[in-house]
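Source file: model_27.pdb (PDB, N, CA and C atoms)
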ATOM      1  N   MET A   1      24.990  33.350 -87.227
ATOM      2  CA  MET A   1      23.972  33.162 -86.210
ATOM      3  C   MET A   1      23.626  34.505 -85.582
ATOM      4  N   LEU A   2      22.541  34.512 -84.848
ATOM      5  CA  LEU A   2      22.115  35.738 -84.180
ATOM      6  C   LEU A   2      22.996  35.952 -82.949
ATOM      7  N   PRO A   3      23.880  36.948 -82.970
ATOM      8  CA  PRO A   3      24.846  37.095 -81.902
ATOM      9  C   PRO A   3      24.306  37.773 -80.646
ATOM     10  N   SER A   4      23.126  38.303 -80.688
ATOM     11  CA  SER A   4      22.611  39.073 -79.568
ATOM     12  C   SER A   4      21.604  38.285 -78.763
ATOM     13  N   ILE A   5      21.487  38.632 -77.503
ATOM     14  CA  ILE A   5      20.498  38.007 -76.636
ATOM     15  C   ILE A   5      19.087  38.244 -77.168
ATOM     16  N   PHE A   6      18.851  39.365 -77.848
ATOM     17  CA  PHE A   6      17.510  39.647 -78.356
ATOM     18  C   PHE A   6      17.137  38.690 -79.477
ATOM     19  N   GLY A   7      18.108  38.272 -80.255
ATOM     20  CA  GLY A   7      17.847  37.249 -81.261
ATOM     21  C   GLY A   7      17.463  35.940 -80.591
ATOM     22  N   ALA A   8      18.154  35.599 -79.512
ATOM     23  CA  ALA A   8      17.822  34.387 -78.758
ATOM     24  C   ALA A   8      16.431  34.509 -78.140
ATOM     25  N   TRP A   9      16.099  35.695 -77.638
ATOM     26  CA  TRP A   9      14.755  35.911 -77.078
ATOM     27  C   TRP A   9      13.707  35.740 -78.166
ATOM     28  N   GLY A  10      13.980  36.282 -79.348
ATOM     29  CA  GLY A  10      13.039  36.154 -80.451
ATOM     30  C   GLY A  10      12.820  34.703 -80.823
ATOM     31  N   PHE A  11      13.921  33.966 -80.889
ATOM     32  CA  PHE A  11      13.838  32.537 -81.207
ATOM     33  C   PHE A  11      13.015  31.818 -80.150
ATOM     34  N   SER A  12      13.313  32.078 -78.876
ATOM     35  CA  SER A  12      12.590  31.435 -77.775
ATOM     36  C   SER A  12      11.131  31.851 -77.746
ATOM     37  N   PHE A  13      10.889  33.124 -78.048
ATOM     38  CA  PHE A  13       9.528  33.647 -78.086
ATOM     39  C   PHE A  13       8.681  32.858 -79.082
ATOM     40  N   ILE A  14       9.208  32.638 -80.276
ATOM     41  CA  ILE A  14       8.471  31.890 -81.293
ATOM     42  C   ILE A  14       8.292  30.439 -80.851
ATOM     43  N   GLN A  15       9.337  29.861 -80.324
ATOM     44  CA  GLN A  15       9.271  28.461 -79.877
ATOM     45  C   GLN A  15       8.160  28.294 -78.842
ATOM     46  N   CYS A  16       8.070  29.202 -77.885
ATOM     47  CA  CYS A  16       7.035  29.115 -76.847
ATOM     48  C   CYS A  16       5.658  29.486 -77.385
ATOM     49  N   TYR A  17       5.602  30.507 -78.203
ATOM     50  CA  TYR A  17       4.325  31.019 -78.712
ATOM     51  C   TYR A  17       3.663  30.044 -79.671
ATOM     52  N   LEU A  18       4.439  29.446 -80.550
ATOM     53  CA  LEU A  18       3.887  28.551 -81.572
ATOM     54  C   LEU A  18       4.139  27.075 -81.294
ATOM     55  N   GLY A  19       5.123  26.789 -80.454
ATOM     56  CA  GLY A  19       5.455  25.402 -80.191
ATOM     57  C   GLY A  19       6.314  24.770 -81.261
ATOM     58  N   THR A  20       6.931  25.595 -82.090
ATOM     59  CA  THR A  20       7.782  25.085 -83.167
ATOM     60  C   THR A  20       8.939  26.052 -83.400
ATOM     61  N   PRO A  21      10.115  25.561 -83.776
ATOM     62  CA  PRO A  21      11.224  26.468 -84.060
ATOM     63  C   PRO A  21      10.910  27.333 -85.282
ATOM     64  N   PRO A  22      11.334  28.584 -85.280
ATOM     65  CA  PRO A  22      10.965  29.500 -86.361
ATOM     66  C   PRO A  22      11.664  29.248 -87.694
ATOM     67  N   PHE A  23      12.774  28.558 -87.691
ATOM     68  CA  PHE A  23      13.541  28.416 -88.928
ATOM     69  C   PHE A  23      13.367  27.063 -89.598
ATOM     70  N   ALA A  24      12.697  26.129 -88.944
ATOM     71  CA  ALA A  24      12.434  24.824 -89.546
ATOM     72  C   ALA A  24      11.172  24.938 -90.380
ATOM     73  N   LEU A  25      11.273  24.627 -91.654
ATOM     74  CA  LEU A  25      10.119  24.745 -92.545
ATOM     75  C   LEU A  25       9.369  23.433 -92.701
ATOM     76  N   SER A  26      10.019  22.330 -92.351
ATOM     77  CA  SER A  26       9.345  21.033 -92.419
ATOM     78  C   SER A  26      10.046  20.074 -91.464
ATOM     79  N   ASP A  27       9.401  18.958 -91.222
ATOM     80  CA  ASP A  27       9.982  17.940 -90.339
ATOM     81  C   ASP A  27      11.211  17.282 -90.945
ATOM     82  N   THR A  28      11.384  17.451 -92.247
ATOM     83  CA  THR A  28      12.509  16.803 -92.919
ATOM     84  C   THR A  28      13.704  17.733 -93.124
ATOM     85  N   ASP A  29      13.620  18.959 -92.611
ATOM     86  CA  ASP A  29      14.750  19.892 -92.732
ATOM     87  C   ASP A  29      15.995  19.316 -92.077
ATOM     88  N   SER A  30      17.103  19.449 -92.742
ATOM     89  CA  SER A  30      18.368  19.008 -92.153
ATOM     90  C   SER A  30      18.874  20.096 -91.204
ATOM     91  N   PRO A  31      19.659  19.713 -90.207
ATOM     92  CA  PRO A  31      20.251  20.723 -89.328
ATOM     93  C   PRO A  31      21.047  21.770 -90.102
ATOM     94  N   LYS A  32      21.735  21.343 -91.169
ATOM     95  CA  LYS A  32      22.519  22.276 -91.986
ATOM     96  C   LYS A  32      21.610  23.321 -92.631
ATOM     97  N   ALA A  33      20.486  22.891 -93.189
ATOM     98  CA  ALA A  33      19.553  23.826 -93.827
ATOM     99  C   ALA A  33      18.989  24.817 -92.808
ATOM    100  N   ILE A  34      18.674  24.311 -91.631
ATOM    101  CA  ILE A  34      18.148  25.186 -90.572
ATOM    102  C   ILE A  34      19.192  26.203 -90.152
ATOM    103  N   LEU A  35      20.440  25.758 -89.960
ATOM    104  CA  LEU A  35      21.512  26.678 -89.565
ATOM    105  C   LEU A  35      21.773  27.730 -90.631
ATOM    106  N   GLU A  36      21.672  27.341 -91.899
ATOM    107  CA  GLU A  36      21.857  28.324 -92.973
ATOM    108  C   GLU A  36      20.754  29.385 -92.928
ATOM    109  N   ARG A  37      19.523  28.967 -92.681
ATOM    110  CA  ARG A  37      18.418  29.929 -92.578
ATOM    111  C   ARG A  37      18.607  30.855 -91.380
ATOM    112  N   ILE A  38      19.069  30.312 -90.271
ATOM    113  CA  ILE A  38      19.319  31.137 -89.080
ATOM    114  C   ILE A  38      20.348  32.204 -89.406
ATOM    115  N   GLY A  39      21.448  31.803 -90.035
ATOM    116  CA  GLY A  39      22.505  32.747 -90.383
ATOM    117  C   GLY A  39      22.053  33.839 -91.324
ATOM    118  N   LYS A  40      21.103  33.517 -92.194
ATOM    119  CA  LYS A  40      20.588  34.499 -93.147
ATOM    120  C   LYS A  40      19.362  35.241 -92.620
ATOM    121  N   GLY A  41      18.843  34.787 -91.492
ATOM    122  CA  GLY A  41      17.633  35.401 -90.956
ATOM    123  C   GLY A  41      16.400  35.083 -91.776
ATOM    124  N   GLU A  42      16.384  33.919 -92.407
ATOM    125  CA  GLU A  42      15.258  33.524 -93.253
ATOM    126  C   GLU A  42      14.282  32.670 -92.452
ATOM    127  N   PHE A  43      13.062  33.119 -92.370
ATOM    128  CA  PHE A  43      12.018  32.344 -91.730
ATOM    129  C   PHE A  43      10.699  32.654 -92.419
ATOM    130  N   ASP A  44       9.760  31.755 -92.253
ATOM    131  CA  ASP A  44       8.490  31.845 -92.955
ATOM    132  C   ASP A  44       7.367  32.049 -91.946
ATOM    133  N   MET A  45       6.527  33.049 -92.183
ATOM    134  CA  MET A  45       5.394  33.322 -91.296
ATOM    135  C   MET A  45       4.078  33.052 -92.007
ATOM    136  N   THR A  46       4.047  31.982 -92.773
ATOM    137  CA  THR A  46       2.808  31.586 -93.424
ATOM    138  C   THR A  46       2.442  30.200 -92.927
ATOM    139  N   GLY A  47       1.274  29.785 -93.235
ATOM    140  CA  GLY A  47       0.827  28.460 -92.826
ATOM    141  C   GLY A  47      -0.166  28.526 -91.679
ATOM    142  N   ARG A  48      -0.703  27.379 -91.358
ATOM    143  CA  ARG A  48      -1.771  27.291 -90.373
ATOM    144  C   ARG A  48      -1.393  27.831 -88.999
ATOM    145  N   LEU A  49      -0.177  27.558 -88.552
ATOM    146  CA  LEU A  49       0.233  28.036 -87.232
ATOM    147  C   LEU A  49       0.249  29.560 -87.136
ATOM    148  N   TRP A  50       0.505  30.217 -88.253
ATOM    149  CA  TRP A  50       0.634  31.674 -88.251
ATOM    150  C   TRP A  50      -0.685  32.395 -88.475
ATOM    151  N   GLU A  51      -1.743  31.683 -88.850
ATOM    152  CA  GLU A  51      -3.006  32.321 -89.189
ATOM    153  C   GLU A  51      -3.607  33.123 -88.041
ATOM    154  N   SER A  52      -3.460  32.653 -86.825
ATOM    155  CA  SER A  52      -4.065  33.341 -85.684
ATOM    156  C   SER A  52      -3.122  34.333 -85.014
ATOM    157  N   ILE A  53      -1.927  34.502 -85.568
ATOM    158  CA  ILE A  53      -0.941  35.417 -84.980
ATOM    159  C   ILE A  53      -1.167  36.812 -85.547
ATOM    160  N   SER A  54      -1.275  37.796 -84.663
ATOM    161  CA  SER A  54      -1.551  39.172 -85.088
ATOM    162  C   SER A  54      -0.374  39.771 -85.849
ATOM    163  N   GLN A  55      -0.678  40.791 -86.635
ATOM    164  CA  GLN A  55       0.384  41.496 -87.369
ATOM    165  C   GLN A  55       1.366  42.145 -86.401
ATOM    166  N   ASN A  56       0.880  42.662 -85.269
ATOM    167  CA  ASN A  56       1.785  43.259 -84.282
ATOM    168  C   ASN A  56       2.751  42.222 -83.721
ATOM    169  N   ALA A  57       2.260  41.013 -83.448
ATOM    170  CA  ALA A  57       3.134  39.954 -82.945
ATOM    171  C   ALA A  57       4.162  39.567 -84.008
ATOM    172  N   LYS A  58       3.717  39.444 -85.258
ATOM    173  CA  LYS A  58       4.641  39.122 -86.353
ATOM    174  C   LYS A  58       5.693  40.207 -86.521
ATOM    175  N   ASP A  59       5.278  41.455 -86.395
ATOM    176  CA  ASP A  59       6.221  42.565 -86.516
ATOM    177  C   ASP A  59       7.289  42.478 -85.426
ATOM    178  N   LEU A  60       6.867  42.218 -84.194
ATOM    179  CA  LEU A  60       7.826  42.112 -83.091
ATOM    180  C   LEU A  60       8.792  40.952 -83.325
ATOM    181  N   ILE A  61       8.276  39.835 -83.780
ATOM    182  CA  ILE A  61       9.136  38.679 -84.061
ATOM    183  C   ILE A  61      10.182  39.035 -85.107
ATOM    184  N   LYS A  62       9.756  39.683 -86.196
ATOM    185  CA  LYS A  62      10.701  40.085 -87.248
ATOM    186  C   LYS A  62      11.782  41.012 -86.689
ATOM    187  N   LEU A  63      11.381  41.956 -85.842
ATOM    188  CA  LEU A  63      12.339  42.892 -85.268
ATOM    189  C   LEU A  63      13.318  42.196 -84.325
ATOM    190  N   MET A  64      12.840  41.210 -83.597
ATOM    191  CA  MET A  64      13.700  40.489 -82.657
ATOM    192  C   MET A  64      14.667  39.541 -83.358
ATOM    193  N   LEU A  65      14.288  39.047 -84.532
ATOM    194  CA  LEU A  65      15.131  38.084 -85.238
ATOM    195  C   LEU A  65      15.995  38.701 -86.329
ATOM    196  N   ASP A  66      16.042  40.014 -86.403
ATOM    197  CA  ASP A  66      16.877  40.664 -87.420
ATOM    198  C   ASP A  66      18.335  40.270 -87.188
ATOM    199  N   VAL A  67      19.006  39.776 -88.225
ATOM    200  CA  VAL A  67      20.384  39.317 -88.072
ATOM    201  C   VAL A  67      21.379  40.461 -87.910
ATOM    202  N   ASP A  68      20.973  41.666 -88.274
ATOM    203  CA  ASP A  68      21.852  42.828 -88.117
ATOM    204  C   ASP A  68      21.609  43.443 -86.742
ATOM    205  N   PRO A  69      22.580  43.359 -85.839
ATOM    206  CA  PRO A  69      22.379  43.880 -84.489
ATOM    207  C   PRO A  69      22.081  45.379 -84.445
ATOM    208  N   ARG A  70      22.475  46.114 -85.486
ATOM    209  CA  ARG A  70      22.180  47.553 -85.518
ATOM    210  C   ARG A  70      20.703  47.818 -85.785
ATOM    211  N   ARG A  71      20.040  46.891 -86.465
ATOM    212  CA  ARG A  71      18.611  47.041 -86.763
ATOM    213  C   ARG A  71      17.726  46.291 -85.773
ATOM    214  N   ARG A  72      18.308  45.298 -85.088
ATOM    215  CA  ARG A  72      17.525  44.472 -84.171
ATOM    216  C   ARG A  72      16.974  45.337 -83.045
ATOM    217  N   ILE A  73      15.758  45.056 -82.643
ATOM    218  CA  ILE A  73      15.076  45.850 -81.630
ATOM    219  C   ILE A  73      15.772  45.730 -80.273
ATOM    220  N   SER A  74      15.822  46.835 -79.551
ATOM    221  CA  SER A  74      16.437  46.852 -78.217
ATOM    222  C   SER A  74      15.415  46.415 -77.166
ATOM    223  N   ALA A  75      15.899  46.095 -75.971
ATOM    224  CA  ALA A  75      15.001  45.694 -74.883
ATOM    225  C   ALA A  75      14.004  46.810 -74.576
ATOM    226  N   GLN A  76      14.470  48.044 -74.550
ATOM    227  CA  GLN A  76      13.575  49.171 -74.265
ATOM    228  C   GLN A  76      12.482  49.293 -75.322
ATOM    229  N   LYS A  77      12.863  49.120 -76.574
ATOM    230  CA  LYS A  77      11.870  49.230 -77.646
ATOM    231  C   LYS A  77      10.926  48.032 -77.659
ATOM    232  N   ILE A  78      11.398  46.874 -77.220
ATOM    233  CA  ILE A  78      10.498  45.724 -77.091
ATOM    234  C   ILE A  78       9.370  46.066 -76.122
ATOM    235  N   LEU A  79       9.740  46.674 -75.001
ATOM    236  CA  LEU A  79       8.741  47.014 -73.981
ATOM    237  C   LEU A  79       7.741  48.053 -74.467
ATOM    238  N   SER A  80       8.144  48.879 -75.421
ATOM    239  CA  SER A  80       7.220  49.897 -75.930
ATOM    240  C   SER A  80       6.560  49.483 -77.245
ATOM    241  N   HIS A  81       6.880  48.292 -77.739
ATOM    242  CA  HIS A  81       6.251  47.812 -78.971
ATOM    243  C   HIS A  81       4.752  47.629 -78.718
ATOM    244  N   PRO A  82       3.894  47.950 -79.694
ATOM    245  CA  PRO A  82       2.437  47.844 -79.491
ATOM    246  C   PRO A  82       1.961  46.473 -79.006
ATOM    247  N   TRP A  83       2.603  45.395 -79.438
ATOM    248  CA  TRP A  83       2.147  44.074 -79.015
ATOM    249  C   TRP A  83       2.343  43.880 -77.516
ATOM    250  N   ILE A  84       3.376  44.507 -76.949
ATOM    251  CA  ILE A  84       3.633  44.422 -75.506
ATOM    252  C   ILE A  84       2.899  45.544 -74.772
ATOM    253  N   ALA A  85       3.066  46.769 -75.273
ATOM    254  CA  ALA A  85       2.519  47.943 -74.580
ATOM    255  C   ALA A  85       0.986  47.938 -74.530
ATOM    256  N   LYS A  86       0.359  47.356 -75.530
ATOM    257  CA  LYS A  86      -1.110  47.350 -75.582
ATOM    258  C   LYS A  86      -1.664  45.946 -75.377
ATOM    259  N   ARG A  87      -0.978  45.164 -74.548
ATOM    260  CA  ARG A  87      -1.381  43.774 -74.354
ATOM    261  C   ARG A  87      -2.761  43.638 -73.722
ATOM    262  N   ASP A  88      -3.230  44.676 -73.009
ATOM    263  CA  ASP A  88      -4.561  44.614 -72.416
ATOM    264  C   ASP A  88      -5.662  44.657 -73.478
ATOM    265  N   LYS A  89      -5.302  45.055 -74.711
ATOM    266  CA  LYS A  89      -6.263  45.122 -75.799
ATOM    267  C   LYS A  89      -6.147  43.926 -76.754
ATOM    268  N   LEU A  90      -5.303  42.955 -76.404
ATOM    269  CA  LEU A  90      -5.106  41.781 -77.258
ATOM    270  C   LEU A  90      -6.310  40.858 -77.195
ATOM    271  N   ASN A  91      -6.476  40.090 -78.237
ATOM    272  CA  ASN A  91      -7.509  39.071 -78.295
ATOM    273  C   ASN A  91      -7.222  38.029 -77.215
ATOM    274  N   ASN A  92      -8.194  37.725 -76.399
ATOM    275  CA  ASN A  92      -8.002  36.773 -75.310
ATOM    276  C   ASN A  92      -8.481  35.366 -75.654
ATOM    277  N   SER A  93      -8.811  35.120 -76.915
ATOM    278  CA  SER A  93      -9.286  33.787 -77.273
ATOM    279  C   SER A  93      -8.154  32.782 -77.130
ATOM    280  N   ARG A  94      -8.503  31.569 -76.813
ATOM    281  CA  ARG A  94      -7.513  30.518 -76.617
ATOM    282  C   ARG A  94      -6.961  30.060 -77.955
ATOM    283  N   LEU A  95      -5.675  29.813 -77.984
ATOM    284  CA  LEU A  95      -5.048  29.266 -79.185
ATOM    285  C   LEU A  95      -5.366  27.788 -79.285
ATOM    286  N   GLU A  96      -5.494  27.294 -80.499
ATOM    287  CA  GLU A  96      -5.728  25.874 -80.716
ATOM    288  C   GLU A  96      -4.701  25.341 -81.703
ATOM    289  N   ARG A  97      -4.299  24.098 -81.484
ATOM    290  CA  ARG A  97      -3.401  23.422 -82.416
ATOM    291  C   ARG A  97      -3.978  22.049 -82.665
ATOM    292  N   LYS A  98      -4.261  21.766 -83.932
ATOM    293  CA  LYS A  98      -4.837  20.478 -84.328
ATOM    294  C   LYS A  98      -6.091  20.171 -83.509
ATOM    295  N   GLY A  99      -6.934  21.206 -83.339
ATOM    296  CA  GLY A  99      -8.193  21.001 -82.635
ATOM    297  C   GLY A  99      -8.057  20.882 -81.134
ATOM    298  N   GLU A 100      -6.865  21.105 -80.611
ATOM    299  CA  GLU A 100      -6.608  20.938 -79.187
ATOM    300  C   GLU A 100      -6.354  22.324 -78.571
ATOM    301  N   LYS A 101      -7.057  22.667 -77.516
ATOM    302  CA  LYS A 101      -6.856  23.958 -76.847
ATOM    303  C   LYS A 101      -5.474  23.963 -76.188
ATOM    304  N   LEU A 102      -4.794  25.095 -76.307
ATOM    305  CA  LEU A 102      -3.450  25.221 -75.683
ATOM    306  C   LEU A 102      -3.561  25.994 -74.399
TER     307      LEU A 102
END
Can the structure from this file be put into structure tokens for me?
Amino acid sequence: MLPSIFGAWGFSFIQCYLGTPPFALSDTDSPKAILERIGKGEFDMTGRLWESISQNAKDLIKLMLDVDPRRRISAQKILSHPWIAKRDKLNNSRLERKGEKL
């Protein structure tokens, strides 16, 4: 599992941002399969939910969920990551899920 708080932040970030856990690939995933993916750091950033997510946001998510704590992004580097540091230049359009504004 992700032993660092930054891994937990990354997980929570995806859960809040997309409304779905990052390691579940389908509604039929077993808890065991999900836990195995968490331990390996395997997640998928394809599909309809990910289409409107910027490359900078995806990059930050990958850095936050790295299973190796030596490679995982630090809090200081999170704050200087382009997705955070240049948030005033982000697209302000509303996200939609299944035709519903979020």
Problem set entry | Length of the atom N of Asp29 of chain A to atom N of Glu51 of chain A vector [Å] |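 One can read the atom N of Asp29 of chain A to atom N of Glu51 of chain A distance as 20.3 Å.
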For this session: Could you state which residues are captured by the PyMOL selection byres ((chain A and resi 33-42) around 6) in this file, as a list of chain:residue names?
Result: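 Selected by the PyMOL selection byres ((chain A and resi 33-42) around 6) here: A:Met1, A:Leu2, A:Phe23, A:Ala24, A:Asp29, A:Ser30, A:Pro31, A:Lys32, A:Phe43, A:Asp44, A:Leu65, A:Val67.
For the pair atom N of Leu25 of chain A and atom CA of Asp68 of chain A, the interatomic distance is 21.3 Å.
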Problem set entry | Test item: residues at most 8 Å from segment 77-83 of chain A, only N, CA and C atoms, excluding those fewer than 2 positions along its chain, as a list in words |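 In the requested form, the answer reads Gln55, Asn56, Ala57, Lys58, Leu60, Ile73, Ser74, Ala75, Ala85, Lys86, Arg87, Asp88 and Leu90 of chain A.
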For the residues in the current selection, export N, CA and C atoms as an mmCIF file, in the coordinates of the input.
data_model
loop_
_atom_site.group_PDB
_atom_site.id
_atom_site.type_symbol
_atom_site.label_atom_id
_atom_site.label_comp_id
_atom_site.auth_asym_id
_atom_site.auth_seq_id
_atom_site.Cartn_x
_atom_site.Cartn_y
_atom_site.Cartn_z
ATOM 1 N N GLN A 55 -0.678 40.791 -86.635
ATOM 2 C CA GLN A 55 0.384 41.496 -87.369
ATOM 3 C C GLN A 55 1.366 42.145 -86.401
ATOM 4 N N ASN A 56 0.880 42.662 -85.269
ATOM 5 C CA ASN A 56 1.785 43.259 -84.282
ATOM 6 C C ASN A 56 2.751 42.222 -83.721
ATOM 7 N N ALA A 57 2.260 41.013 -83.448
ATOM 8 C CA ALA A 57 3.134 39.954 -82.945
ATOM 9 C C ALA A 57 4.162 39.567 -84.008
ATOM 10 N N LYS A 58 3.717 39.444 -85.258
ATOM 11 C CA LYS A 58 4.641 39.122 -86.353
ATOM 12 C C LYS A 58 5.693 40.207 -86.521
ATOM 13 N N LEU A 60 6.867 42.218 -84.194
ATOM 14 C CA LEU A 60 7.826 42.112 -83.091
ATOM 15 C C LEU A 60 8.792 40.952 -83.325
ATOM 16 N N ILE A 73 15.758 45.056 -82.643
ATOM 17 C CA ILE A 73 15.076 45.850 -81.630
ATOM 18 C C ILE A 73 15.772 45.730 -80.273
ATOM 19 N N SER A 74 15.822 46.835 -79.551
ATOM 20 C CA SER A 74 16.437 46.852 -78.217
ATOM 21 C C SER A 74 15.415 46.415 -77.166
ATOM 22 N N ALA A 75 15.899 46.095 -75.971
ATOM 23 C CA ALA A 75 15.001 45.694 -74.883
ATOM 24 C C ALA A 75 14.004 46.810 -74.576
ATOM 25 N N ALA A 85 3.066 46.769 -75.273
ATOM 26 C CA ALA A 85 2.519 47.943 -74.580
ATOM 27 C C ALA A 85 0.986 47.938 -74.530
ATOM 28 N N LYS A 86 0.359 47.356 -75.530
ATOM 29 C CA LYS A 86 -1.110 47.350 -75.582
ATOM 30 C C LYS A 86 -1.664 45.946 -75.377
ATOM 31 N N ARG A 87 -0.978 45.164 -74.548
ATOM 32 C CA ARG A 87 -1.381 43.774 -74.354
ATOM 33 C C ARG A 87 -2.761 43.638 -73.722
ATOM 34 N N ASP A 88 -3.230 44.676 -73.009
ATOM 35 C CA ASP A 88 -4.561 44.614 -72.416
ATOM 36 C C ASP A 88 -5.662 44.657 -73.478
ATOM 37 N N LEU A 90 -5.303 42.955 -76.404
ATOM 38 C CA LEU A 90 -5.106 41.781 -77.258
ATOM 39 C C LEU A 90 -6.310 40.858 -77.195
#
For this session: Go ahead and compute the interatomic distance for atom CA of Ile61 of chain A and atom CA of Ile84 of chain A, in Å to one decimal.
Result: 11.7 Å
